[in-house]
$ cat coords_20.txt   # compact mmCIF, C-alpha atoms
# COMPACT_ATOMS: atom_id res chain seq x y z
CA MET R 1 -72.43 -11.38 42.20
CA GLU R 2 -69.12 -13.16 42.74
CA ASP R 3 -70.42 -14.16 46.16
CA THR R 4 -73.44 -15.89 44.63
CA ILE R 5 -71.21 -17.80 42.24
CA ALA R 6 -68.88 -18.77 45.10
CA TYR R 7 -71.92 -19.95 47.08
CA ILE R 8 -73.22 -22.02 44.15
CA GLU R 9 -69.79 -23.48 43.59
CA SER R 10 -69.43 -24.47 47.22
CA TYR R 11 -72.66 -26.46 46.90
CA PHE R 12 -71.34 -28.47 43.96
CA GLN R 13 -67.91 -28.82 45.54
CA GLN R 14 -69.73 -30.32 48.56
CA THR R 15 -68.26 -27.92 51.06
CA LEU R 16 -71.63 -26.89 52.57
CA SER R 17 -73.08 -28.56 55.64
CA SER R 18 -76.23 -30.66 55.23
CA GLU R 19 -78.35 -27.82 56.66
CA GLU R 20 -76.80 -25.33 54.25
CA ARG R 21 -77.35 -27.73 51.36
CA ALA R 22 -81.04 -28.03 52.29
CA VAL R 23 -81.36 -24.22 52.33
CA PHE R 24 -79.68 -24.04 48.91
CA GLU R 25 -82.08 -26.63 47.45
CA THR R 26 -85.16 -24.92 48.89
CA ARG R 27 -83.97 -21.61 47.48
CA CYS R 28 -83.62 -23.16 44.00
CA GLU R 29 -87.28 -24.12 44.15
CA ALA R 30 -88.63 -20.91 45.71
CA ASP R 31 -86.45 -18.16 44.21
CA GLU R 32 -86.69 -17.95 40.43
CA ASN R 33 -83.75 -15.55 40.06
CA PHE R 34 -81.51 -17.72 42.18
CA ALA R 35 -82.54 -20.79 40.16
CA LYS R 36 -81.46 -18.95 37.00
CA GLU R 37 -78.06 -18.23 38.56
CA VAL R 38 -77.66 -21.93 39.37
CA ALA R 39 -78.78 -22.90 35.86
CA PHE R 40 -76.20 -20.48 34.42
CA TYR R 41 -73.49 -22.10 36.56
CA ILE R 42 -74.46 -25.63 35.47
CA ALA R 43 -74.76 -24.65 31.79
CA THR R 44 -71.35 -22.98 31.94
CA ARG R 45 -69.70 -26.01 33.50
CA GLN R 46 -71.29 -28.26 30.86
CA VAL R 47 -70.10 -26.02 28.01
CA ILE R 48 -66.59 -25.84 29.44
CA ARG R 49 -66.50 -29.62 29.86
CA GLU R 50 -67.52 -30.08 26.23
CA ALA R 51 -64.82 -27.61 25.16
CA LEU R 52 -62.29 -29.50 27.26
CA LEU R 53 -63.18 -32.82 25.63
CA GLU R 54 -62.98 -31.25 22.18
CA GLN R 55 -59.56 -29.86 23.07
CA LYS R 56 -58.34 -33.27 24.25
CA ALA R 57 -59.70 -35.04 21.19
CA GLN R 58 -57.98 -32.45 18.96
CA ALA R 59 -54.67 -32.83 20.83
CA TRP R 60 -54.91 -36.57 20.44
CA LYS R 61 -55.60 -36.29 16.68
CA GLU R 62 -52.57 -34.00 16.29
CA GLU R 63 -50.41 -36.41 18.24
CA VAL R 64 -51.46 -39.31 16.00
CA ALA R 65 -50.86 -37.22 12.85
CA GLU R 66 -47.41 -36.22 14.16
CA GLU R 67 -46.49 -39.85 14.82
CA GLU R 68 -47.58 -40.82 11.32
CA ASP R 69 -45.49 -38.00 9.81
CA THR R 70 -42.28 -38.91 11.66
CA PRO R 71 -39.83 -40.24 9.04
CA VAL R 72 -38.39 -43.70 9.69
CA ILE R 73 -34.60 -43.85 9.17
CA PRO R 74 -33.57 -47.11 7.48
CA MET R 75 -31.19 -49.12 9.71
CA GLY R 76 -28.53 -49.43 6.98
CA LYS R 77 -28.13 -45.68 6.72
CA ARG R 78 -27.42 -45.08 10.41
CA ARG R 79 -23.86 -44.25 11.28
CA SER R 80 -22.05 -46.96 13.22
CA PHE R 81 -21.07 -44.78 16.20
CA GLY R 82 -24.76 -43.97 16.65
CA LYS R 83 -25.40 -47.67 17.00
CA TRP R 84 -22.77 -47.94 19.76
CA ILE R 85 -24.23 -44.96 21.57
CA MET R 86 -27.59 -46.68 21.43
CA TYR R 87 -26.12 -49.89 22.86
CA ALA R 88 -24.40 -47.96 25.65
CA ALA R 89 -27.58 -46.07 26.46
CA ALA R 90 -29.57 -49.30 26.50
CA ALA R 91 -27.03 -50.91 28.84
CA CYS R 92 -27.26 -47.91 31.21
CA VAL R 93 -31.06 -48.03 31.20
CA LEU R 94 -30.96 -51.78 31.88
CA LEU R 95 -28.56 -51.28 34.77
CA VAL R 96 -30.67 -48.52 36.35
CA VAL R 97 -33.88 -50.53 35.90
CA SER R 98 -32.24 -53.65 37.46
CA MET R 99 -31.04 -51.62 40.43
CA PHE R 100 -34.49 -50.10 40.83
CA LEU R 101 -36.20 -53.49 40.64
CA PHE R 102 -33.76 -55.00 43.13
CA GLU R 103 -34.39 -52.13 45.51
CA THR R 104 -38.16 -52.23 45.25
CA GLN R 105 -38.71 -55.95 44.74
CA SER R 106 -40.64 -56.40 47.95
CA SER R 107 -41.75 -52.84 48.51
CA PRO R 108 -45.43 -52.01 49.07
CA GLN R 109 -45.35 -50.00 45.83
CA ARG R 110 -44.08 -53.04 43.96
CA LEU R 111 -46.82 -55.31 45.31
CA ALA R 112 -49.42 -52.67 44.66
CA SER R 113 -48.40 -52.01 41.07
CA ASP R 114 -48.05 -55.77 40.43
CA TYR R 115 -51.66 -56.13 41.49
CA ILE R 116 -52.80 -53.39 39.12
CA ASN R 117 -50.75 -54.83 36.27
CA LYS R 118 -52.05 -58.34 36.81
CA LYS R 119 -55.67 -57.50 37.39
CA TYR R 120 -56.17 -54.39 35.29
CA SER R 121 -53.70 -54.55 32.40
CA ASN R 122 -56.64 -55.68 30.29
CA LEU R 123 -60.14 -54.44 30.93
CA SER R 124 -62.67 -57.21 30.44
CA GLN R 125 -66.29 -57.06 29.45
CA GLU R 126 -67.58 -57.51 33.00
CA MET R 127 -70.04 -54.74 32.40
CA SER R 128 -72.63 -54.62 29.67
CA ALA R 129 -70.57 -52.53 27.33
CA ASP R 130 -73.57 -51.28 25.41
CA SER R 131 -72.05 -47.90 24.82
CA ASP R 132 -69.83 -47.45 21.83
CA ASN R 133 -67.61 -45.07 23.76
CA ILE R 134 -67.02 -47.57 26.58
CA THR R 135 -66.06 -50.32 24.15
CA LYS R 136 -63.69 -47.99 22.28
CA GLY R 137 -62.24 -46.74 25.59
CA MET R 138 -61.60 -50.30 26.80
CA ASP R 139 -59.97 -51.14 23.50
CA ALA R 140 -57.70 -48.08 23.69
CA TYR R 141 -56.83 -48.92 27.32
CA ASN R 142 -55.97 -52.51 26.42
CA HIS R 143 -53.62 -51.19 23.73
CA GLY R 144 -51.90 -48.89 26.24
CA ASP R 145 -53.35 -45.70 24.74
CA TYR R 146 -54.54 -44.22 28.00
CA ASP R 147 -55.09 -40.67 26.67
CA LYS R 148 -57.46 -41.97 24.03
CA ALA R 149 -59.14 -44.28 26.56
CA LEU R 150 -59.73 -41.34 28.88
CA THR R 151 -61.35 -39.29 26.13
CA TYR R 152 -63.87 -42.08 25.50
CA PHE R 153 -64.50 -42.81 29.18
CA ILE R 154 -65.05 -39.14 30.02
CA VAL R 155 -67.57 -38.76 27.20
CA ALA R 156 -69.33 -41.98 28.31
CA LYS R 157 -69.41 -40.78 31.93
CA GLN R 158 -71.33 -37.68 30.91
CA LYS R 159 -74.18 -39.90 29.76
CA ASP R 160 -73.90 -42.58 32.41
CA THR R 161 -72.97 -40.92 35.67
CA ALA R 162 -73.97 -43.82 37.91
CA ASN R 163 -71.78 -46.41 36.18
CA SER R 164 -69.28 -47.73 38.75
CA TYR R 165 -67.14 -49.51 36.13
CA LEU R 166 -66.70 -46.27 34.22
CA LYS R 167 -65.40 -44.59 37.36
CA ALA R 168 -62.96 -47.47 37.91
CA TYR R 169 -61.83 -47.42 34.27
CA THR R 170 -61.37 -43.65 34.24
CA GLY R 171 -59.37 -43.85 37.48
CA LEU R 172 -57.25 -46.70 36.13
CA SER R 173 -56.48 -44.74 32.97
CA TYR R 174 -55.31 -41.81 35.09
CA PHE R 175 -53.32 -44.25 37.25
CA GLN R 176 -51.56 -45.68 34.19
CA LYS R 177 -50.74 -42.09 33.10
CA LYS R 178 -49.32 -41.53 36.60
CA GLU R 179 -51.86 -38.75 37.17
CA TYR R 180 -52.46 -39.94 40.69
CA ASN R 181 -54.48 -36.96 41.95
CA GLN R 182 -57.05 -37.45 39.21
CA ALA R 183 -57.06 -41.22 39.77
CA LEU R 184 -57.70 -40.68 43.48
CA LYS R 185 -60.71 -38.46 42.74
CA GLU R 186 -62.27 -41.19 40.59
CA PHE R 187 -61.57 -43.98 43.08
CA ASP R 188 -62.88 -41.84 45.92
CA THR R 189 -66.19 -41.34 44.10
CA LEU R 190 -66.26 -45.07 43.39
CA SER R 191 -65.61 -46.07 47.00
CA ASN R 192 -68.49 -43.82 48.13
CA MET R 193 -70.97 -45.55 45.81
CA GLN R 194 -73.54 -47.58 47.73
CA GLY R 195 -75.30 -50.83 46.91
CA LEU R 196 -72.62 -52.36 44.65
CA GLN R 197 -72.05 -56.11 44.73
CA SER R 198 -68.32 -55.49 45.00
CA ASN R 199 -66.42 -52.25 45.24
CA PRO R 200 -62.66 -52.04 44.70
CA GLY R 201 -62.69 -48.28 45.39
CA ASP R 202 -60.89 -48.34 48.75
CA PHE R 203 -58.25 -50.77 47.57
CA LEU R 204 -57.57 -48.83 44.38
CA LYS R 205 -57.28 -45.65 46.44
CA ALA R 206 -54.74 -47.33 48.72
CA VAL R 207 -52.69 -48.59 45.78
CA THR R 208 -52.71 -45.15 44.18
CA LEU R 209 -51.59 -43.53 47.43
CA LEU R 210 -48.71 -46.00 47.67
CA GLU R 211 -47.67 -45.20 44.12
CA ARG R 212 -47.94 -41.44 44.64
CA ASN R 213 -46.00 -41.73 47.90
CA ASP R 214 -46.40 -38.12 49.02
CA GLN R 215 -46.09 -37.15 52.65
CA GLY R 216 -48.75 -38.99 54.69
CA ASP R 217 -49.79 -41.19 51.76
CA LYS R 218 -48.40 -44.38 53.30
CA ASP R 219 -50.31 -43.83 56.55
CA GLU R 220 -53.53 -43.12 54.67
CA ALA R 221 -52.97 -46.20 52.47
CA LYS R 222 -52.33 -48.32 55.55
CA LYS R 223 -55.67 -47.27 57.07
CA LEU R 224 -57.50 -48.06 53.84
CA LEU R 225 -55.79 -51.43 53.44
CA LYS R 226 -56.72 -52.33 57.02
CA LYS R 227 -60.34 -51.44 56.22
CA VAL R 228 -60.24 -53.50 53.01
CA GLN R 229 -58.86 -56.46 54.96
CA ASP R 230 -61.23 -56.13 57.93
CA GLU R 231 -64.32 -55.70 55.80
CA ASN R 232 -63.20 -58.32 53.25
CA GLU R 233 -63.57 -55.84 50.39
CA ASP R 234 -62.16 -56.35 46.89
CA GLY R 235 -58.38 -56.85 47.05
CA SER R 236 -58.38 -57.99 50.69
CA LYS R 237 -55.81 -60.77 50.09
CA THR R 238 -53.26 -58.42 48.51
CA ALA R 239 -54.09 -55.82 51.16
CA GLY R 240 -53.05 -58.36 53.81
CA GLU R 241 -49.80 -59.11 51.97
CA ILE R 242 -48.93 -55.42 51.69
CA LEU R 243 -49.74 -54.82 55.36
CA GLU R 244 -47.35 -57.59 56.39
CA LEU R 245 -44.39 -55.85 54.72
CA LYS R 246 -42.09 -54.19 57.22
CA LYS R 247 -41.46 -51.26 54.91
CA LEU R 248 -45.06 -50.06 55.12
CA MET D 1 -66.21 -32.75 40.46
CA PRO D 2 -67.54 -33.15 36.88
CA VAL D 3 -70.73 -31.21 36.47
CA ALA D 4 -72.75 -34.21 35.20
CA ASP D 5 -72.13 -35.82 38.58
CA ALA D 6 -72.93 -32.49 40.20
CA MET D 7 -76.40 -32.46 38.61
CA ASN D 8 -77.04 -35.79 40.28
CA GLN D 9 -76.32 -34.26 43.65
CA LEU D 10 -79.53 -32.27 43.37
CA PRO D 11 -82.72 -33.77 44.80
CA ASP D 12 -85.32 -34.75 42.20
CA ASN D 13 -87.46 -31.60 42.50
CA THR D 14 -84.51 -29.25 42.11
CA LYS D 15 -83.04 -31.36 39.34
CA THR D 16 -86.29 -31.14 37.36
CA ILE D 17 -86.26 -27.34 37.68
CA MET D 18 -82.64 -27.19 36.53
CA GLU D 19 -83.22 -29.48 33.59
CA LYS D 20 -85.91 -27.05 32.38
CA LEU D 21 -83.67 -24.00 32.87
CA VAL D 22 -80.45 -25.40 31.38
CA THR D 23 -81.68 -25.13 27.81
CA ASN D 24 -79.72 -25.64 24.61
CA GLU D 25 -80.25 -21.94 23.94
CA LEU D 26 -78.59 -21.01 27.24
CA LYS D 27 -75.68 -23.34 26.52
CA ALA D 28 -75.26 -21.94 23.00
CA ASN D 29 -75.21 -18.45 24.47
CA VAL D 30 -72.56 -19.45 27.04
CA LYS D 31 -70.51 -21.05 24.27
CA ARG D 32 -70.63 -17.84 22.22
CA GLN D 33 -69.64 -15.63 25.14
CA LEU D 34 -66.88 -17.91 26.41
CA ASP D 35 -64.47 -16.63 23.78
CA ALA D 36 -65.36 -13.04 24.62
CA ILE D 37 -64.11 -13.20 28.22
CA GLY D 38 -60.48 -13.64 27.17
CA GLN D 39 -58.09 -16.50 26.59
CA LYS D 40 -56.63 -16.39 30.08
CA CYS D 41 -60.06 -16.77 31.69
CA LYS D 42 -60.96 -19.60 29.34
CA GLU D 43 -57.71 -21.41 30.08
CA LEU D 44 -58.28 -21.09 33.82
CA LEU D 45 -61.84 -22.41 33.60
CA LEU D 46 -60.75 -25.31 31.39
CA MET D 47 -58.02 -26.31 33.84
CA PHE D 48 -60.45 -26.23 36.76
CA GLU D 49 -62.93 -28.33 34.79
CA ASP D 50 -60.12 -30.78 34.05
CA GLY D 51 -60.01 -31.48 37.78
CA LEU D 52 -57.00 -29.37 38.76
CA SER D 53 -57.21 -27.70 42.15
CA ASP D 54 -56.71 -23.95 42.53
CA LYS D 55 -53.31 -24.72 44.07
CA GLU D 56 -52.24 -26.79 41.08
CA ILE D 57 -53.48 -24.11 38.67
CA ALA D 58 -51.48 -21.52 40.61
CA GLU D 59 -48.35 -23.61 40.06
CA PHE D 60 -49.05 -24.18 36.35
CA LEU D 61 -49.98 -20.60 35.50
CA SER D 62 -47.57 -18.94 37.95
CA TYR D 63 -50.18 -17.24 40.15
CA SER D 64 -48.92 -16.33 43.60
CA ASN D 65 -51.30 -18.70 45.42
CA ALA D 66 -54.53 -20.70 45.30
CA ALA D 67 -56.62 -17.85 46.73
CA VAL D 68 -55.64 -15.58 43.81
CA VAL D 69 -56.63 -18.31 41.37
CA LYS D 70 -60.00 -18.76 43.06
CA THR D 71 -60.73 -15.02 43.02
CA THR D 72 -59.67 -14.72 39.38
CA ARG D 73 -61.70 -17.76 38.40
CA LEU D 74 -64.82 -16.42 40.11
CA ARG D 75 -64.31 -13.05 38.41
CA CYS D 76 -64.09 -14.81 35.07
CA LEU D 77 -67.36 -16.61 35.78
CA ASP D 78 -68.93 -13.34 36.86
CA LYS D 79 -67.80 -11.65 33.64
CA LEU D 80 -69.46 -14.44 31.71
CA ARG D 81 -72.54 -14.22 33.89
CA GLU D 82 -72.86 -10.47 33.22
CA ARG D 83 -72.91 -11.18 29.48
CA ILE D 84 -75.55 -13.88 29.80
CA LEU D 85 -77.88 -12.80 32.59
CA GLY D 86 -77.07 -9.10 32.58
$ encode --input "coords_20.txt" --output "structure tokens"
Amino acid sequence: MEDTIAYIESYFQQTLSSEERAVFETRCEADENFAKEVAFYIATRQVIREALLEQKAQAWKEEVAEEEDTPVIPMGKRRSFGKWIMYAAAACVLLVVSMFLFETQSSPQRLASDYINKKYSNLSQEMSADSDNITKGMDAYNHGDYDKALTYFIVAKQKDTANSYLKAYTGLSYFQKKEYNQALKEFDTLSNMQGLQSNPGDFLKAVTLLERNDQGDKDEAKKLLKKVQDENEDGSKTAGEILELKKL
Amino acid sequence: MPVADAMNQLPDNTKTIMEKLVTNELKANVKRQLDAIGQKCKELLLMFEDGLSDKEIAEFLSYSNAAVVKTTRLRCLDKLRERILG
């Protein structure tokens, strides 16, 4: 029966051809036993997703409780050499950060992350935030609590799968957590959505690829930025600026 | 791909059939049996649902490669399936 499960999975992972997908769908309607197998697969995935969200919510609660329990050492009681070590460490961090900023001041990554920070450091109410979870997620995001934001956005996405903003917000939360693979999945789904008035999916994908900077990412980002520029998609001005940089 | 999105991949007719078959009773049964298939299986399924690829799971859980993860994951699902559908 492993083969049946593998077959069902390949349908939902979109690895079947369009003809194979049509056969799968017809079989769901004509073969009762097969339909039950598919229903089992979907039910299982739903249950596992719910368990995953519970697990994340629990981890987040524990993290908050741990932070609240951490004792605060009064400044007056700290030993003086500790203070000097702190100063020295701060100076080192400052030096490294300055060197990094100098090095990357005009890099594609720098321009890309500047764009994200300027445009998406605060999520606005562009959408009708009628869902409590979306509002709470946006609030958590705007306070820099991306784990908490993700928990809310993922729950909201379960109920509102066609919401393009939710896909963007989920991807941006992953981006801020530097979980670029997850962010790319969300932005990819977003860029494939049809009929939107504006769609920043391609641009966000390009920016994420630049930030991830794995082998081949720059080339892929370049292609996407060119597309964004040529088709005047969201982010086309910044796309043009990034494309003009010699380092890309 | 999250399964809620996956449901939307189905054409309307098939989706209607699935909505009738994916009952709360079936989900409750799956939930009960999930603990019975072992912690390792559960962990693997949770990681996959979290969007990790088989390759990434192999790295995290020290499996030799992605193919081993995929086979193990499908066996875990099959174990669960045996308990639910018989």
$ closest_residue --input "coords_20.txt" --among "D:Glu49, D:Glu43, D:Asp35, D:Glu56" --to "Leu80 of chain D" --atoms "only C-alpha atoms"
D:Asp35
$ closest_residue --input "coords_20.txt" --among "R:Gln194, R:Thr170, R:Ser113, R:Asn232" --to "Ala206 of chain R" --atoms "all atoms listed in the file"
R:Ser113
$ closest_residue --input "coords_20.txt" --among "D:Lys27, D:Arg83, D:Lys70, D:Lys20" --to "chain R" --atoms "all atoms listed in the file"
D:Lys27
$ interface_residues --input "coords_20.txt" --of "chain R" --to "chain D" --cutoff "10 Å" --atoms "all atoms listed in the file" --output "count of residues only"
54
$ residues_around --input "coords_20.txt" --residues "segment 235-240 of chain R" --least-positions-apart "5" --cutoff "10 Å" --atoms "all atoms listed in the file" --output "NGL selection string"
:R and (108 or 111-112 or 114-115 or 199-204 or 206-207 or 221-222 or 224-230 or 245)
$ write_last_selection --input "coords_20.txt" --atoms "C-alpha atoms" --output "CSV table (one decimal), keeping the file's coordinate frame"
chain,number,residue,atom,x,y,z
R,108,PRO,CA,-45.4,-52.0,49.1
R,111,LEU,CA,-46.8,-55.3,45.3
R,112,ALA,CA,-49.4,-52.7,44.7
R,114,ASP,CA,-48.0,-55.8,40.4
R,115,TYR,CA,-51.7,-56.1,41.5
R,199,ASN,CA,-66.4,-52.2,45.2
R,200,PRO,CA,-62.7,-52.0,44.7
R,201,GLY,CA,-62.7,-48.3,45.4
R,202,ASP,CA,-60.9,-48.3,48.8
R,203,PHE,CA,-58.2,-50.8,47.6
R,204,LEU,CA,-57.6,-48.8,44.4
R,206,ALA,CA,-54.7,-47.3,48.7
R,207,VAL,CA,-52.7,-48.6,45.8
R,221,ALA,CA,-53.0,-46.2,52.5
R,222,LYS,CA,-52.3,-48.3,55.6
R,224,LEU,CA,-57.5,-48.1,53.8
R,225,LEU,CA,-55.8,-51.4,53.4
R,226,LYS,CA,-56.7,-52.3,57.0
R,227,LYS,CA,-60.3,-51.4,56.2
R,228,VAL,CA,-60.2,-53.5,53.0
R,229,GLN,CA,-58.9,-56.5,55.0
R,230,ASP,CA,-61.2,-56.1,57.9
R,245,LEU,CA,-44.4,-55.8,54.7
$ closest_residue --input "coords_20.txt" --among "R:Tyr120, R:Tyr152, R:Tyr180, R:Phe187" --to "Ser164 of chain R" --atoms "all atoms listed in the file"
R:Phe187
$ axis_aligned_box --input "coords_20.txt" --around "segment 29-41 of chain D" --padding-each-side "4 Å" --output "AutoDock Vina command-line options"
--center_x -65.9 --center_y -17.0 --center_z 27.0 --size_x 26.6 --size_y 16.0 --size_z 17.5
$ atom_distance --input "coords_20.txt" --atom1 "atom CA of Ala168 of chain R" --atom2 "atom CA of Gln215 of chain R"
24.7 Å
$ atom_distance --input "coords_20.txt" --atom1 "atom CA of Lys205 of chain R" --atom2 "atom CA of Lys118 of chain R"
16.8 Å
$ closest_residue --input "coords_20.txt" --among "R:Ser17, R:Asn117, R:Gln197, R:Asn133" --to "Thr151 of chain R" --atoms "all atoms listed in the file"
R:Asn133
$ closest_residue --input "coords_20.txt" --among "R:Ile116, R:Phe153, R:Lys148, R:Leu172" --to "Ala59 of chain R" --atoms "all atoms listed in the file"
R:Lys148
$ atom_distance --input "coords_20.txt" --atom1 "atom CA of Cys41 of chain D" --atom2 "atom CA of Asp147 of chain R"
24.9 Å
$ decode --input "coords_20.txt" --residues "segment 31-62 of chain D" --atoms "C-alpha atoms" --output "mmCIF file, in the first residue's frame"
data_model
loop_
_atom_site.group_PDB
_atom_site.id
_atom_site.type_symbol
_atom_site.label_atom_id
_atom_site.label_comp_id
_atom_site.auth_asym_id
_atom_site.auth_seq_id
_atom_site.Cartn_x
_atom_site.Cartn_y
_atom_site.Cartn_z
ATOM 1 C CA LYS D 31 -5.224 11.634 15.994
ATOM 2 C CA ARG D 32 -5.612 8.679 18.369
ATOM 3 C CA GLN D 33 -3.469 6.368 16.252
ATOM 4 C CA LEU D 34 -0.742 8.925 15.567
ATOM 5 C CA ASP D 35 0.817 8.338 18.975
ATOM 6 C CA ALA D 36 0.694 4.580 18.446
ATOM 7 C CA ILE D 37 3.023 4.576 15.423
ATOM 8 C CA GLY D 38 6.023 5.708 17.463
ATOM 9 C CA GLN D 39 7.727 8.962 18.317
ATOM 10 C CA LYS D 40 10.251 8.738 15.496
ATOM 11 C CA CYS D 41 7.511 8.378 12.875
ATOM 12 C CA LYS D 42 5.563 11.249 14.381
ATOM 13 C CA GLU D 43 8.626 13.484 14.412
ATOM 14 C CA LEU D 44 9.346 12.688 10.773
ATOM 15 C CA LEU D 45 5.778 13.430 9.691
ATOM 16 C CA LEU D 46 5.728 16.675 11.666
ATOM 17 C CA MET D 47 8.963 17.859 10.057
ATOM 18 C CA PHE D 48 7.648 17.081 6.575
ATOM 19 C CA GLU D 49 4.422 18.938 7.353
ATOM 20 C CA ASP D 50 6.514 21.874 8.547
ATOM 21 C CA GLY D 51 7.756 22.196 4.966
ATOM 22 C CA LEU D 52 11.151 20.517 5.293
ATOM 23 C CA SER D 53 12.262 18.500 2.292
ATOM 24 C CA ASP D 54 13.317 14.865 2.645
ATOM 25 C CA LYS D 55 16.907 16.013 2.123
ATOM 26 C CA GLU D 56 16.687 18.523 4.960
ATOM 27 C CA ILE D 57 15.062 15.944 7.240
ATOM 28 C CA ALA D 58 17.885 13.524 6.417
ATOM 29 C CA GLU D 59 20.386 16.141 7.592
ATOM 30 C CA PHE D 60 18.456 16.974 10.773
ATOM 31 C CA LEU D 61 17.741 13.395 11.826
ATOM 32 C CA SER D 62 20.997 11.902 10.504
#
